[in-house]
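Engineer: final-v9.cif is reproduced in full below (mmCIF, C-alpha atoms and all ligand atoms).
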data_entry
loop_
_atom_site.group_PDB
_atom_site.id
_atom_site.type_symbol
_atom_site.label_atom_id
_atom_site.label_comp_id
_atom_site.auth_asym_id
_atom_site.auth_seq_id
_atom_site.Cartn_x
_atom_site.Cartn_y
_atom_site.Cartn_z
ATOM 1 C CA MET A 1430 33.399 -101.454 56.963
ATOM 2 C CA LYS A 1431 32.284 -104.149 59.427
ATOM 3 C CA ILE A 1432 33.895 -107.261 57.993
ATOM 4 C CA LEU A 1433 31.870 -109.821 59.995
ATOM 5 C CA GLU A 1434 28.477 -108.065 60.111
ATOM 6 C CA GLY A 1435 25.855 -110.552 61.363
ATOM 7 C CA LYS A 1436 28.185 -113.572 61.416
ATOM 8 C CA LYS A 1437 27.704 -115.979 64.328
ATOM 9 C CA VAL A 1438 30.901 -117.069 66.005
ATOM 10 C CA ILE A 1439 31.855 -119.545 68.738
ATOM 11 C CA ILE A 1440 35.191 -118.984 70.507
ATOM 12 C CA THR A 1441 36.512 -121.378 73.137
ATOM 13 C CA GLY A 1442 38.433 -119.931 76.093
ATOM 14 C CA ALA A 1443 37.731 -116.226 75.746
ATOM 15 C CA SER A 1444 37.568 -115.073 79.370
ATOM 16 C CA ARG A 1445 41.106 -113.670 79.014
ATOM 17 C CA GLY A 1446 44.163 -113.473 76.769
ATOM 18 C CA ILE A 1447 44.016 -114.174 73.060
ATOM 19 C CA GLY A 1448 40.423 -115.460 73.105
ATOM 20 C CA ARG A 1449 39.231 -112.262 74.786
ATOM 21 C CA GLY A 1450 41.094 -110.223 72.148
ATOM 22 C CA ILE A 1451 39.435 -112.202 69.355
ATOM 23 C CA ALA A 1452 35.968 -111.768 70.899
ATOM 24 C CA THR A 1453 36.402 -108.003 71.200
ATOM 25 C CA VAL A 1454 37.820 -107.484 67.705
ATOM 26 C CA PHE A 1455 35.113 -109.716 66.179
ATOM 27 C CA ALA A 1456 32.276 -107.925 67.995
ATOM 28 C CA SER A 1457 33.647 -104.563 66.889
ATOM 29 C CA HIS A 1458 33.401 -105.909 63.333
ATOM 30 C CA GLY A 1459 29.721 -106.792 63.783
ATOM 31 C CA ALA A 1460 29.946 -110.477 64.758
ATOM 32 C CA HIS A 1461 27.607 -112.091 67.298
ATOM 33 C CA VAL A 1462 29.872 -113.881 69.761
ATOM 34 C CA ALA A 1463 29.261 -116.980 71.887
ATOM 35 C CA PHE A 1464 32.291 -117.798 73.972
ATOM 36 C CA THR A 1465 33.358 -120.250 76.638
ATOM 37 C CA TYR A 1466 35.398 -120.164 79.803
ATOM 38 C CA SER A 1467 36.532 -122.793 82.237
ATOM 39 C CA SER A 1468 36.487 -121.092 85.654
ATOM 40 C CA SER A 1469 36.852 -117.283 85.266
ATOM 41 C CA GLU A 1470 33.171 -116.454 85.658
ATOM 42 C CA GLY A 1471 33.655 -112.796 86.693
ATOM 43 C CA PRO A 1472 35.861 -111.826 83.720
ATOM 44 C CA ALA A 1473 33.572 -113.819 81.392
ATOM 45 C CA MET A 1474 30.486 -111.884 82.538
ATOM 46 C CA GLU A 1475 32.372 -108.604 82.184
ATOM 47 C CA LEU A 1476 33.338 -109.512 78.623
ATOM 48 C CA GLN A 1477 29.756 -110.529 77.809
ATOM 49 C CA ASN A 1478 28.574 -107.056 78.891
ATOM 50 C CA GLU A 1479 31.360 -105.308 76.964
ATOM 51 C CA LEU A 1480 30.439 -107.182 73.780
ATOM 52 C CA LYS A 1481 26.713 -106.438 74.174
ATOM 53 C CA ALA A 1482 27.598 -102.755 74.571
ATOM 54 C CA LEU A 1483 29.066 -102.959 71.050
ATOM 55 C CA GLY A 1484 25.554 -103.719 69.778
ATOM 56 C CA VAL A 1485 25.914 -107.447 69.034
ATOM 57 C CA MET A 1486 24.512 -110.618 70.606
ATOM 58 C CA ALA A 1487 26.934 -112.084 73.135
ATOM 59 C CA GLY A 1488 26.853 -115.132 75.406
ATOM 60 C CA ALA A 1489 29.294 -116.496 77.970
ATOM 61 C CA TYR A 1490 29.085 -120.260 78.539
ATOM 62 C CA LYS A 1491 30.918 -122.295 81.165
ATOM 63 C CA SER A 1492 32.086 -125.368 79.264
ATOM 64 C CA ASN A 1493 35.074 -127.687 79.505
ATOM 65 C CA ALA A 1494 36.614 -127.892 76.029
ATOM 66 C CA ALA A 1495 38.267 -131.201 76.948
ATOM 67 C CA SER A 1496 34.864 -132.857 77.490
ATOM 68 C CA PHE A 1497 33.064 -134.294 74.455
ATOM 69 C CA GLU A 1498 29.690 -134.104 76.231
ATOM 70 C CA ASP A 1499 30.230 -130.491 77.333
ATOM 71 C CA CYS A 1500 31.055 -129.464 73.749
ATOM 72 C CA GLU A 1501 27.978 -131.245 72.351
ATOM 73 C CA SER A 1502 25.638 -129.559 74.837
ATOM 74 C CA LEU A 1503 27.399 -126.194 74.448
ATOM 75 C CA VAL A 1504 26.869 -126.169 70.683
ATOM 76 C CA ALA A 1505 23.235 -127.250 71.101
ATOM 77 C CA ARG A 1506 22.666 -124.326 73.516
ATOM 78 C CA VAL A 1507 24.415 -121.824 71.230
ATOM 79 C CA LEU A 1508 22.379 -123.009 68.231
ATOM 80 C CA GLU A 1509 19.223 -122.414 70.245
ATOM 81 C CA ASP A 1510 20.321 -118.992 71.551
ATOM 82 C CA PHE A 1511 21.964 -117.650 68.383
ATOM 83 C CA GLU A 1512 20.061 -119.644 65.719
ATOM 84 C CA GLY A 1513 23.175 -120.665 63.812
ATOM 85 C CA VAL A 1514 26.937 -120.663 63.630
ATOM 86 C CA ASP A 1515 29.242 -119.485 60.833
ATOM 87 C CA VAL A 1516 32.675 -119.464 62.443
ATOM 88 C CA LEU A 1517 34.346 -121.679 65.059
ATOM 89 C CA ILE A 1518 37.546 -120.614 66.777
ATOM 90 C CA ASN A 1519 39.246 -123.314 68.812
ATOM 91 C CA ASN A 1520 41.400 -121.237 71.132
ATOM 92 C CA ALA A 1521 41.183 -122.798 74.619
ATOM 93 C CA GLY A 1522 44.553 -124.079 75.745
ATOM 94 C CA ILE A 1523 46.772 -124.749 78.742
ATOM 95 C CA THR A 1524 50.420 -125.489 79.513
ATOM 96 C CA ARG A 1525 51.855 -127.985 82.005
ATOM 97 C CA ASP A 1526 55.555 -127.508 81.218
ATOM 98 C CA ASN A 1527 58.307 -129.830 82.378
ATOM 99 C CA LEU A 1528 61.249 -131.751 81.006
ATOM 100 C CA LEU A 1529 60.189 -135.224 79.905
ATOM 101 C CA MET A 1530 62.086 -136.714 82.860
ATOM 102 C CA ARG A 1531 59.724 -134.865 85.239
ATOM 103 C CA MET A 1532 56.552 -134.761 83.145
ATOM 104 C CA SER A 1533 53.766 -136.829 84.702
ATOM 105 C CA GLU A 1534 51.276 -138.874 82.721
ATOM 106 C CA ALA A 1535 48.534 -136.573 84.072
ATOM 107 C CA ASP A 1536 50.338 -133.470 82.728
ATOM 108 C CA PHE A 1537 50.625 -135.080 79.305
ATOM 109 C CA ASP A 1538 47.016 -136.278 79.203
ATOM 110 C CA GLU A 1539 45.546 -132.993 80.459
ATOM 111 C CA VAL A 1540 47.351 -130.909 77.843
ATOM 112 C CA ILE A 1541 46.407 -133.256 74.994
ATOM 113 C CA ALA A 1542 42.769 -133.335 76.127
ATOM 114 C CA THR A 1543 42.422 -129.564 76.594
ATOM 115 C CA ASN A 1544 44.433 -128.400 73.585
ATOM 116 C CA LEU A 1545 43.910 -131.122 70.965
ATOM 117 C CA LYS A 1546 40.931 -133.326 71.769
ATOM 118 C CA SER A 1547 38.951 -130.135 72.353
ATOM 119 C CA VAL A 1548 39.441 -129.253 68.682
ATOM 120 C CA PHE A 1549 37.995 -132.639 67.677
ATOM 121 C CA ASN A 1550 35.117 -132.211 70.170
ATOM 122 C CA MET A 1551 34.098 -128.778 68.923
ATOM 123 C CA THR A 1552 34.601 -129.464 65.215
ATOM 124 C CA LYS A 1553 32.432 -132.617 65.479
ATOM 125 C CA ALA A 1554 29.769 -130.649 67.326
ATOM 126 C CA VAL A 1555 29.428 -127.884 64.695
ATOM 127 C CA GLN A 1556 30.021 -130.070 61.645
ATOM 128 C CA ARG A 1557 26.406 -130.972 60.892
ATOM 129 C CA THR A 1558 25.267 -127.327 60.944
ATOM 130 C CA LEU A 1559 28.113 -126.149 58.700
ATOM 131 C CA LEU A 1560 27.536 -129.030 56.259
ATOM 132 C CA LYS A 1561 23.823 -128.192 56.003
ATOM 133 C CA GLN A 1562 24.454 -124.531 55.242
ATOM 134 C CA ARG A 1563 27.399 -125.345 52.954
ATOM 135 C CA SER A 1564 29.616 -122.676 54.425
ATOM 136 C CA GLY A 1565 31.803 -122.069 57.427
ATOM 137 C CA SER A 1566 35.249 -121.150 58.641
ATOM 138 C CA ILE A 1567 37.067 -123.089 61.353
ATOM 139 C CA ILE A 1568 40.189 -121.543 62.863
ATOM 140 C CA ASN A 1569 42.389 -123.528 65.219
ATOM 141 C CA ILE A 1570 44.965 -121.823 67.415
ATOM 142 C CA SER A 1571 48.194 -123.804 67.216
ATOM 143 C CA SER A 1572 51.630 -122.356 68.136
ATOM 144 C CA VAL A 1573 55.148 -121.852 66.779
ATOM 145 C CA VAL A 1574 56.010 -124.536 69.336
ATOM 146 C CA GLY A 1575 53.868 -126.987 67.348
ATOM 147 C CA VAL A 1576 55.926 -126.199 64.249
ATOM 148 C CA LYS A 1577 59.442 -126.216 65.692
ATOM 149 C CA GLY A 1578 59.203 -127.962 69.110
ATOM 150 C CA ASN A 1579 60.444 -126.612 72.441
ATOM 151 C CA ALA A 1580 62.447 -128.225 75.232
ATOM 152 C CA GLY A 1581 60.265 -128.561 78.330
ATOM 153 C CA GLN A 1582 57.019 -128.497 76.336
ATOM 154 C CA ALA A 1583 56.809 -131.953 74.706
ATOM 155 C CA ASN A 1584 53.151 -132.312 75.737
ATOM 156 C CA TYR A 1585 52.220 -128.809 74.518
ATOM 157 C CA ALA A 1586 54.230 -129.121 71.273
ATOM 158 C CA ALA A 1587 52.592 -132.483 70.519
ATOM 159 C CA SER A 1588 49.125 -130.985 71.063
ATOM 160 C CA LYS A 1589 49.867 -127.985 68.850
ATOM 161 C CA ALA A 1590 51.470 -130.077 66.068
ATOM 162 C CA GLY A 1591 48.424 -132.351 66.251
ATOM 163 C CA ILE A 1592 46.186 -129.341 65.663
ATOM 164 C CA ILE A 1593 48.018 -128.629 62.398
ATOM 165 C CA GLY A 1594 47.522 -132.192 61.098
ATOM 166 C CA PHE A 1595 43.881 -132.120 62.194
ATOM 167 C CA SER A 1596 43.253 -128.754 60.484
ATOM 168 C CA LYS A 1597 44.763 -129.849 57.172
ATOM 169 C CA SER A 1598 42.727 -133.086 57.232
ATOM 170 C CA ILE A 1599 39.465 -131.248 57.925
ATOM 171 C CA ALA A 1600 40.281 -128.772 55.131
ATOM 172 C CA LEU A 1601 40.549 -131.760 52.760
ATOM 173 C CA GLU A 1602 37.376 -133.445 54.087
ATOM 174 C CA LEU A 1603 35.092 -130.412 54.109
ATOM 175 C CA GLY A 1604 36.441 -128.225 51.300
ATOM 176 C CA SER A 1605 33.937 -129.529 48.743
ATOM 177 C CA ARG A 1606 31.143 -128.181 51.008
ATOM 178 C CA ASN A 1607 32.699 -124.709 51.140
ATOM 179 C CA ILE A 1608 33.855 -125.176 54.723
ATOM 180 C CA ARG A 1609 37.365 -123.862 55.295
ATOM 181 C CA CYS A 1610 39.719 -124.874 58.069
ATOM 182 C CA ASN A 1611 42.988 -123.098 58.861
ATOM 183 C CA ALA A 1612 45.405 -122.921 61.784
ATOM 184 C CA ILE A 1613 47.150 -119.930 63.278
ATOM 185 C CA ALA A 1614 50.572 -120.371 64.883
ATOM 186 C CA PRO A 1615 51.145 -117.472 67.283
ATOM 187 C CA GLY A 1616 54.662 -116.839 68.506
ATOM 188 C CA PHE A 1617 55.299 -115.087 71.819
ATOM 189 C CA ILE A 1618 52.061 -113.297 72.759
ATOM 190 C CA GLU A 1619 51.849 -111.304 75.990
ATOM 191 C CA THR A 1620 49.095 -112.960 78.074
ATOM 192 C CA GLU A 1621 48.775 -114.712 81.441
ATOM 193 C CA MET A 1622 50.111 -117.877 79.774
ATOM 194 C CA THR A 1623 53.456 -116.225 78.984
ATOM 195 C CA GLN A 1624 53.531 -114.217 82.245
ATOM 196 C CA LYS A 1625 54.290 -117.544 83.962
ATOM 197 C CA LEU A 1626 57.706 -117.725 82.210
ATOM 198 C CA ASP A 1627 60.892 -116.511 83.932
ATOM 199 C CA GLU A 1628 62.542 -113.278 82.694
ATOM 200 C CA LYS A 1629 65.520 -115.129 81.140
ATOM 201 C CA THR A 1630 63.235 -117.306 79.002
ATOM 202 C CA VAL A 1631 61.142 -114.271 78.022
ATOM 203 C CA GLN A 1632 64.284 -112.374 76.956
ATOM 204 C CA SER A 1633 65.523 -115.312 74.853
ATOM 205 C CA TRP A 1634 62.122 -115.478 73.101
ATOM 206 C CA ARG A 1635 62.198 -111.707 72.471
ATOM 207 C CA ASP A 1636 65.748 -111.912 71.050
ATOM 208 C CA ALA A 1637 64.527 -114.474 68.517
ATOM 209 C CA ILE A 1638 61.833 -112.117 67.139
ATOM 210 C CA PRO A 1639 62.859 -110.002 64.116
ATOM 211 C CA LEU A 1640 60.179 -107.388 64.983
ATOM 212 C CA ARG A 1641 61.761 -107.153 68.476
ATOM 213 C CA ARG A 1642 58.544 -107.260 70.490
ATOM 214 C CA GLY A 1643 56.087 -109.748 71.858
ATOM 215 C CA GLY A 1644 52.732 -109.950 70.099
ATOM 216 C CA THR A 1645 49.410 -108.762 71.496
ATOM 217 C CA PRO A 1646 46.089 -110.634 71.554
ATOM 218 C CA GLU A 1647 44.916 -108.114 68.920
ATOM 219 C CA ASP A 1648 47.736 -109.200 66.573
ATOM 220 C CA VAL A 1649 46.317 -112.729 66.656
ATOM 221 C CA ALA A 1650 42.716 -111.488 66.541
ATOM 222 C CA ASN A 1651 43.359 -109.549 63.330
ATOM 223 C CA ALA A 1652 44.711 -112.685 61.628
ATOM 224 C CA CYS A 1653 41.585 -114.547 62.827
ATOM 225 C CA LEU A 1654 39.431 -111.744 61.434
ATOM 226 C CA PHE A 1655 40.948 -112.287 58.001
ATOM 227 C CA LEU A 1656 40.571 -116.085 58.119
ATOM 228 C CA ALA A 1657 36.995 -115.866 59.429
ATOM 229 C CA SER A 1658 35.854 -113.435 56.751
ATOM 230 C CA ASP A 1659 35.173 -113.761 53.043
ATOM 231 C CA LEU A 1660 38.447 -111.897 52.414
ATOM 232 C CA SER A 1661 40.095 -115.326 52.767
ATOM 233 C CA SER A 1662 37.443 -117.275 50.830
ATOM 234 C CA TYR A 1663 40.056 -119.095 48.707
ATOM 235 C CA ILE A 1664 42.345 -120.022 51.612
ATOM 236 C CA THR A 1665 42.067 -123.361 53.421
ATOM 237 C CA GLY A 1666 44.397 -125.945 54.966
ATOM 238 C CA GLN A 1667 47.019 -123.327 55.806
ATOM 239 C CA VAL A 1668 49.039 -122.418 58.877
ATOM 240 C CA LEU A 1669 49.404 -118.664 59.319
ATOM 241 C CA ASN A 1670 52.349 -117.704 61.532
ATOM 242 C CA VAL A 1671 51.646 -114.644 63.700
ATOM 243 C CA ASP A 1672 55.037 -114.447 65.324
ATOM 244 C CA GLY A 1673 56.874 -111.221 64.435
ATOM 245 C CA GLY A 1674 58.985 -113.237 61.998
ATOM 246 C CA MET A 1675 60.225 -115.770 64.583
ATOM 247 C CA LEU A 1676 60.006 -118.755 62.236
ATOM 248 C CA THR A 1677 61.658 -116.945 59.312
HETATM 249 P P1 LIG B 1 45.450 -117.787 78.702
HETATM 250 O O1 LIG B 1 45.658 -116.340 78.907
HETATM 251 O O2 LIG B 1 46.001 -118.750 79.706
HETATM 252 O O3 LIG B 1 43.870 -118.041 78.483
HETATM 253 C C1 LIG B 1 43.403 -119.351 78.288
HETATM 254 C C2 LIG B 1 41.905 -119.340 78.055
HETATM 255 O O4 LIG B 1 41.484 -120.696 77.827
HETATM 256 C C3 LIG B 1 41.114 -118.821 79.246
HETATM 257 O O5 LIG B 1 39.981 -118.132 78.784
HETATM 258 C C4 LIG B 1 40.691 -120.120 79.952
HETATM 259 O O6 LIG B 1 39.487 -119.994 80.711
HETATM 260 C C5 LIG B 1 40.450 -121.016 78.761
HETATM 261 N N1 LIG B 1 40.509 -122.445 79.097
HETATM 262 C C6 LIG B 1 41.517 -123.113 79.689
HETATM 263 N N2 LIG B 1 41.181 -124.417 79.830
HETATM 264 C C7 LIG B 1 39.917 -124.539 79.336
HETATM 265 C C8 LIG B 1 39.011 -125.608 79.212
HETATM 266 N N3 LIG B 1 39.307 -126.852 79.623
HETATM 267 N N4 LIG B 1 37.802 -125.374 78.634
HETATM 268 C C9 LIG B 1 37.464 -124.135 78.211
HETATM 269 N N5 LIG B 1 38.279 -123.074 78.298
HETATM 270 C C10 LIG B 1 39.487 -123.287 78.866
HETATM 271 O O7 LIG B 1 46.074 -118.282 77.301
HETATM 272 P P2 LIG B 1 46.422 -117.453 75.960
HETATM 273 O O8 LIG B 1 47.824 -117.049 76.027
HETATM 274 O O9 LIG B 1 45.352 -116.466 75.700
HETATM 275 O O10 LIG B 1 46.337 -118.644 74.893
HETATM 276 C C11 LIG B 1 45.188 -118.878 74.071
HETATM 277 C C12 LIG B 1 45.549 -119.925 73.024
HETATM 278 O O11 LIG B 1 46.667 -119.473 72.255
HETATM 279 C C13 LIG B 1 45.986 -121.260 73.632
HETATM 280 O O12 LIG B 1 45.536 -122.318 72.829
HETATM 281 C C14 LIG B 1 47.500 -121.172 73.586
HETATM 282 O O13 LIG B 1 48.091 -122.445 73.559
HETATM 283 C C15 LIG B 1 47.699 -120.428 72.272
HETATM 284 N N6 LIG B 1 48.988 -119.764 72.158
HETATM 285 C C16 LIG B 1 49.380 -118.807 73.046
HETATM 286 C C17 LIG B 1 50.613 -118.204 72.886
HETATM 287 C C18 LIG B 1 51.108 -117.140 73.812
HETATM 288 O O14 LIG B 1 52.273 -116.724 73.663
HETATM 289 N N7 LIG B 1 50.330 -116.640 74.741
HETATM 290 C C19 LIG B 1 51.439 -118.578 71.833
HETATM 291 C C20 LIG B 1 51.018 -119.552 70.953
HETATM 292 C C21 LIG B 1 49.782 -120.135 71.115
HETATM 293 P P3 LIG B 1 39.541 -119.608 82.301
HETATM 294 O O15 LIG B 1 39.934 -118.139 82.351
HETATM 295 O O16 LIG B 1 38.167 -119.835 82.790
HETATM 296 O O17 LIG B 1 40.574 -120.493 82.918
#
Represent the supplied structure as structure tokens.
Ligand code: NAP
Structural biologist:
Amino acid sequence: MKILEGKKVIITGASRGIGRGIATVFASHGAHVAFTYSSSEGPAMELQNELKALGVMAGAYKSNAASFEDCESLVARVLEDFEGVDVLINNAGITRDNLLMRMSEADFDEVIATNLKSVFNMTKAVQRTLLKQRSGSIINISSVVGVKGNAGQANYAASKAGIIGFSKSIALELGSRNIRCNAIAPGFIETEMTQKLDEKTVQSWRDAIPLRRGGTPEDVANACLFLASDLSSYITGQVLNVDGGMLT
């Protein structure tokens, strides 16, 4: 069964990592996928072709999630190209890790703008369409770090905790119009973002995981699939941990 047959989806930051995993899993379940990237044009074009080969509509758009104007014009273009949107996945994110003592104002501002303000930008941009059609699912990618904090990631943790508060508020605001909004809190997922960490840190993360392995982009994508589909039609305002039991 193709769970998302014909659904139109926007995913931010899908040129690699978790976003790419979500795009591929969604397309294999029949979804038409519009996705963004920031600079990885080659990988984005490759992904666009891979998705089209699965028999769905696919579009790669260069768009800075941190920019309100970019998000407005992106959504306008997608609405023209795809004639609608049913699901929004706010996935784009960055890290600029440092202890507070060494964290610059620019590192703080950039992480908040890319990880948190982007969620506001994109949700605002799709809101009118979802309200008109009285349906929609918004999924925001937070992090275990947003739930429990992490030394050296005050900027990132603040952005990811902010996403949780934002998601719950939007669930309350838009629930009466049958628009759902949930967050996913991935734990340690093996992507380029976590490849930057030193082996000692990686081992300490792994030791804290009851399932004794890092997650894959597909692990997160499958949780998104559930929250995007009608299988979760009575679930909103929640944070789903996809972390191998880390927060247990
Ligand atoms: P990643 O491998 O570094 O990929 C990040 C993606 O976001 C890329 O496609 C990148 O595009 C895009 N991006 C970055 N800045 C952008 C911007 N300003 N506008 C639009 N797109 C932008 O990261 P990941 O590990 O897949 O993480 C994806 C999400 O999951 C992030 O929100 C991250 O915080 C969250 N997360 C990850 C983990 C983990 O363990 N990996 C755990 C918890 C939460 P380009 O390729 O063009 O740069």
Engineer: For ligand LIG 1 (chain B), list the contacting residues at 6 Å or closer, counting all atoms listed in the file, as a PyMOL selection string.
Structural biologist: chain A and resi 1441-1448+1465-1469+1492-1495+1520-1523+1543+1570-1572+1615-1623
Engineer: Could you check how far CA of Arg1557 (chain A) sits from CA of Leu1503 (chain A), in Å to one decimal?
Structural biologist: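 CA of Leu1503 (chain A) lies at a distance of 14.4 Å from CA of Arg1557 (chain A).
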Engineer: Put the listed atoms of region 1480-1488 of chain A in a box along x, y and z with 6 Å added on every side and give me the centre and edge lengths in Å to one decimal, as JSON.
Structural biologist:
{"center_x": 27.5, "center_y": -108.9, "center_z": 72.2, "size_x": 17.9, "size_y": 24.4, "size_z": 18.4}
Engineer: Place a sphere of radius 8 Å on (41.6, -128.5, 53.6) in the file coordinates and name every protein, DNA or RNA residue with an atom inside or on its surface, counting all atoms listed in the file; give the answer as number ranges by chain.
Structural biologist: A: 1596-1604, 1609-1611, 1665-1667
Engineer: Keeping C-alpha atoms for every residue in the selection just given, could you write it to a file as a PDB file, in the coordinates of the input?
Structural biologist:
ATOM      1  CA  SER A1596      43.253-128.754  60.484  1.00  0.00           C
ATOM      2  CA  LYS A1597      44.763-129.849  57.172  1.00  0.00           C
ATOM      3  CA  SER A1598      42.727-133.086  57.232  1.00  0.00           C
ATOM      4  CA  ILE A1599      39.465-131.248  57.925  1.00  0.00           C
ATOM      5  CA  ALA A1600      40.281-128.772  55.131  1.00  0.00           C
ATOM      6  CA  LEU A1601      40.549-131.760  52.760  1.00  0.00           C
ATOM      7  CA  GLU A1602      37.376-133.445  54.087  1.00  0.00           C
ATOM      8  CA  LEU A1603      35.092-130.412  54.109  1.00  0.00           C
ATOM      9  CA  GLY A1604      36.441-128.225  51.300  1.00  0.00           C
ATOM     10  CA  ARG A1609      37.365-123.862  55.295  1.00  0.00           C
ATOM     11  CA  CYS A1610      39.719-124.874  58.069  1.00  0.00           C
ATOM     12  CA  ASN A1611      42.988-123.098  58.861  1.00  0.00           C
ATOM     13  CA  THR A1665      42.067-123.361  53.421  1.00  0.00           C
ATOM     14  CA  GLY A1666      44.397-125.945  54.966  1.00  0.00           C
ATOM     15  CA  GLN A1667      47.019-123.327  55.806  1.00  0.00           C
TER      16      GLN A1667
END
Engineer: Calculated over only C-alpha atoms, which of the candidates A:Glu1501, A:Met1486, A:Ala1460, A:Leu1476 has the smallest distance to Ala1554 (chain A)?
Structural biologist: A:Glu1501
Engineer: Selection in question (the file shown): the PyMOL selection byres (((chain A and resi 1431-1433) around 12) and not hetatm). Which residues does it include, as a VMD selection string?
Structural biologist: chain A and resid 1430 1434 to 1438 1452 1454 to 1462 1485 1515 to 1516 1566 1651 1653 to 1661
Engineer: When you draw a straight line from CA of Glu1628 (chain A) to CA of Gly1644 (chain A), how long is it in Å?
Structural biologist: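 So the answer is 16.3 Å.
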Engineer: Compile the contact shell of region 1505-1510 of chain A as a list in words: residues with an atom at most 9 Å away, counting only C-alpha atoms, same-chain residues fewer than 4 positions apart removed.
Structural biologist: Ile1439, Ala1463, Gly1488, Tyr1490, Cys1500, Glu1501, Val1514, Ala1554, Val1555 and Thr1558 of chain A
Engineer: Taking (58.2, -124.4, 68.2) in the file's coordinates as the center, which residues reach within 12 Å of it, counting all atoms listed in the file, put as a VMD selection string?
Structural biologist: chain A and resid 1571 to 1583 1585 to 1590 1614 to 1617 1634 1637 1670 1672 1675 to 1676
Engineer: I need the residues from that last selection saved to file as a PDB file, keeping the file's coordinate frame (with C-alpha atoms), if you can.
Structural biologist:
ATOM      1  CA  SER A1571      48.194-123.804  67.216  1.00  0.00           C
ATOM      2  CA  SER A1572      51.630-122.356  68.136  1.00  0.00           C
ATOM      3  CA  VAL A1573      55.148-121.852  66.779  1.00  0.00           C
ATOM      4  CA  VAL A1574      56.010-124.536  69.336  1.00  0.00           C
ATOM      5  CA  GLY A1575      53.868-126.987  67.348  1.00  0.00           C
ATOM      6  CA  VAL A1576      55.926-126.199  64.249  1.00  0.00           C
ATOM      7  CA  LYS A1577      59.442-126.216  65.692  1.00  0.00           C
ATOM      8  CA  GLY A1578      59.203-127.962  69.110  1.00  0.00           C
ATOM      9  CA  ASN A1579      60.444-126.612  72.441  1.00  0.00           C
ATOM     10  CA  ALA A1580      62.447-128.225  75.232  1.00  0.00           C
ATOM     11  CA  GLY A1581      60.265-128.561  78.330  1.00  0.00           C
ATOM     12  CA  GLN A1582      57.019-128.497  76.336  1.00  0.00           C
ATOM     13  CA  ALA A1583      56.809-131.953  74.706  1.00  0.00           C
ATOM     14  CA  TYR A1585      52.220-128.809  74.518  1.00  0.00           C
ATOM     15  CA  ALA A1586      54.230-129.121  71.273  1.00  0.00           C
ATOM     16  CA  ALA A1587      52.592-132.483  70.519  1.00  0.00           C
ATOM     17  CA  SER A1588      49.125-130.985  71.063  1.00  0.00           C
ATOM     18  CA  LYS A1589      49.867-127.985  68.850  1.00  0.00           C
ATOM     19  CA  ALA A1590      51.470-130.077  66.068  1.00  0.00           C
ATOM     20  CA  ALA A1614      50.572-120.371  64.883  1.00  0.00           C
ATOM     21  CA  PRO A1615      51.145-117.472  67.283  1.00  0.00           C
ATOM     22  CA  GLY A1616      54.662-116.839  68.506  1.00  0.00           C
ATOM     23  CA  PHE A1617      55.299-115.087  71.819  1.00  0.00           C
ATOM     24  CA  TRP A1634      62.122-115.478  73.101  1.00  0.00           C
ATOM     25  CA  ALA A1637      64.527-114.474  68.517  1.00  0.00           C
ATOM     26  CA  ASN A1670      52.349-117.704  61.532  1.00  0.00           C
ATOM     27  CA  ASP A1672      55.037-114.447  65.324  1.00  0.00           C
ATOM     28  CA  MET A1675      60.225-115.770  64.583  1.00  0.00           C
ATOM     29  CA  LEU A1676      60.006-118.755  62.236  1.00  0.00           C
TER      30      LEU A1676
END
Engineer: Hey, which of A:Lys1553, A:Ile1613, A:Ser1662, A:Thr1453 ends up closest to Lys1481 (chain A)? Count all atoms listed in the file.
Structural biologist: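 Between A:Lys1553, A:Ile1613, A:Ser1662, A:Thr1453, the residue approaching Lys1481 (chain A) most closely is A:Thr1453.
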Engineer: Give the answer as one residue: which of A:Asp1648, A:Asn1584, A:Asn1478, A:Gly1565 has the shortest atom-to-atom distance to Leu1529 (chain A), using all atoms listed in the file?
Structural biologist: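 Distance minimum relative to Leu1529 (chain A) lands on A:Asn1584.
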Engineer: In Å, how far is it from CA of Ser1502 (chain A) to CA of Ile1568 (chain A)?
Structural biologist: 20.5 Å
Engineer: Quick one: of A:Ile1440, A:Thr1677, A:Pro1646, A:Asp1526, who's nearest to Ala1487 (chain A), counting all atoms listed in the file?
Structural biologist: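 Of the candidates, the smallest distance to Ala1487 (chain A) is held by A:Ile1440.
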Engineer: Measuring between all atoms listed in the file, which one of A:Pro1639, A:Gly1674, A:Pro1472, A:Gly1591 shows the shortest distance to Arg1449 (chain A)?
Structural biologist: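 Nearest to Arg1449 (chain A): A:Pro1472.
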Engineer: Let me make sure I understand: among A:Glu1479, A:Lys1546, A:Met1532, A:Ile1608, which one has the smallest atom-to-atom distance to Leu1517 (chain A) if we use only C-alpha atoms?
Structural biologist: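 Residue with the minimum atom-to-atom distance to Leu1517 (chain A): A:Ile1608.
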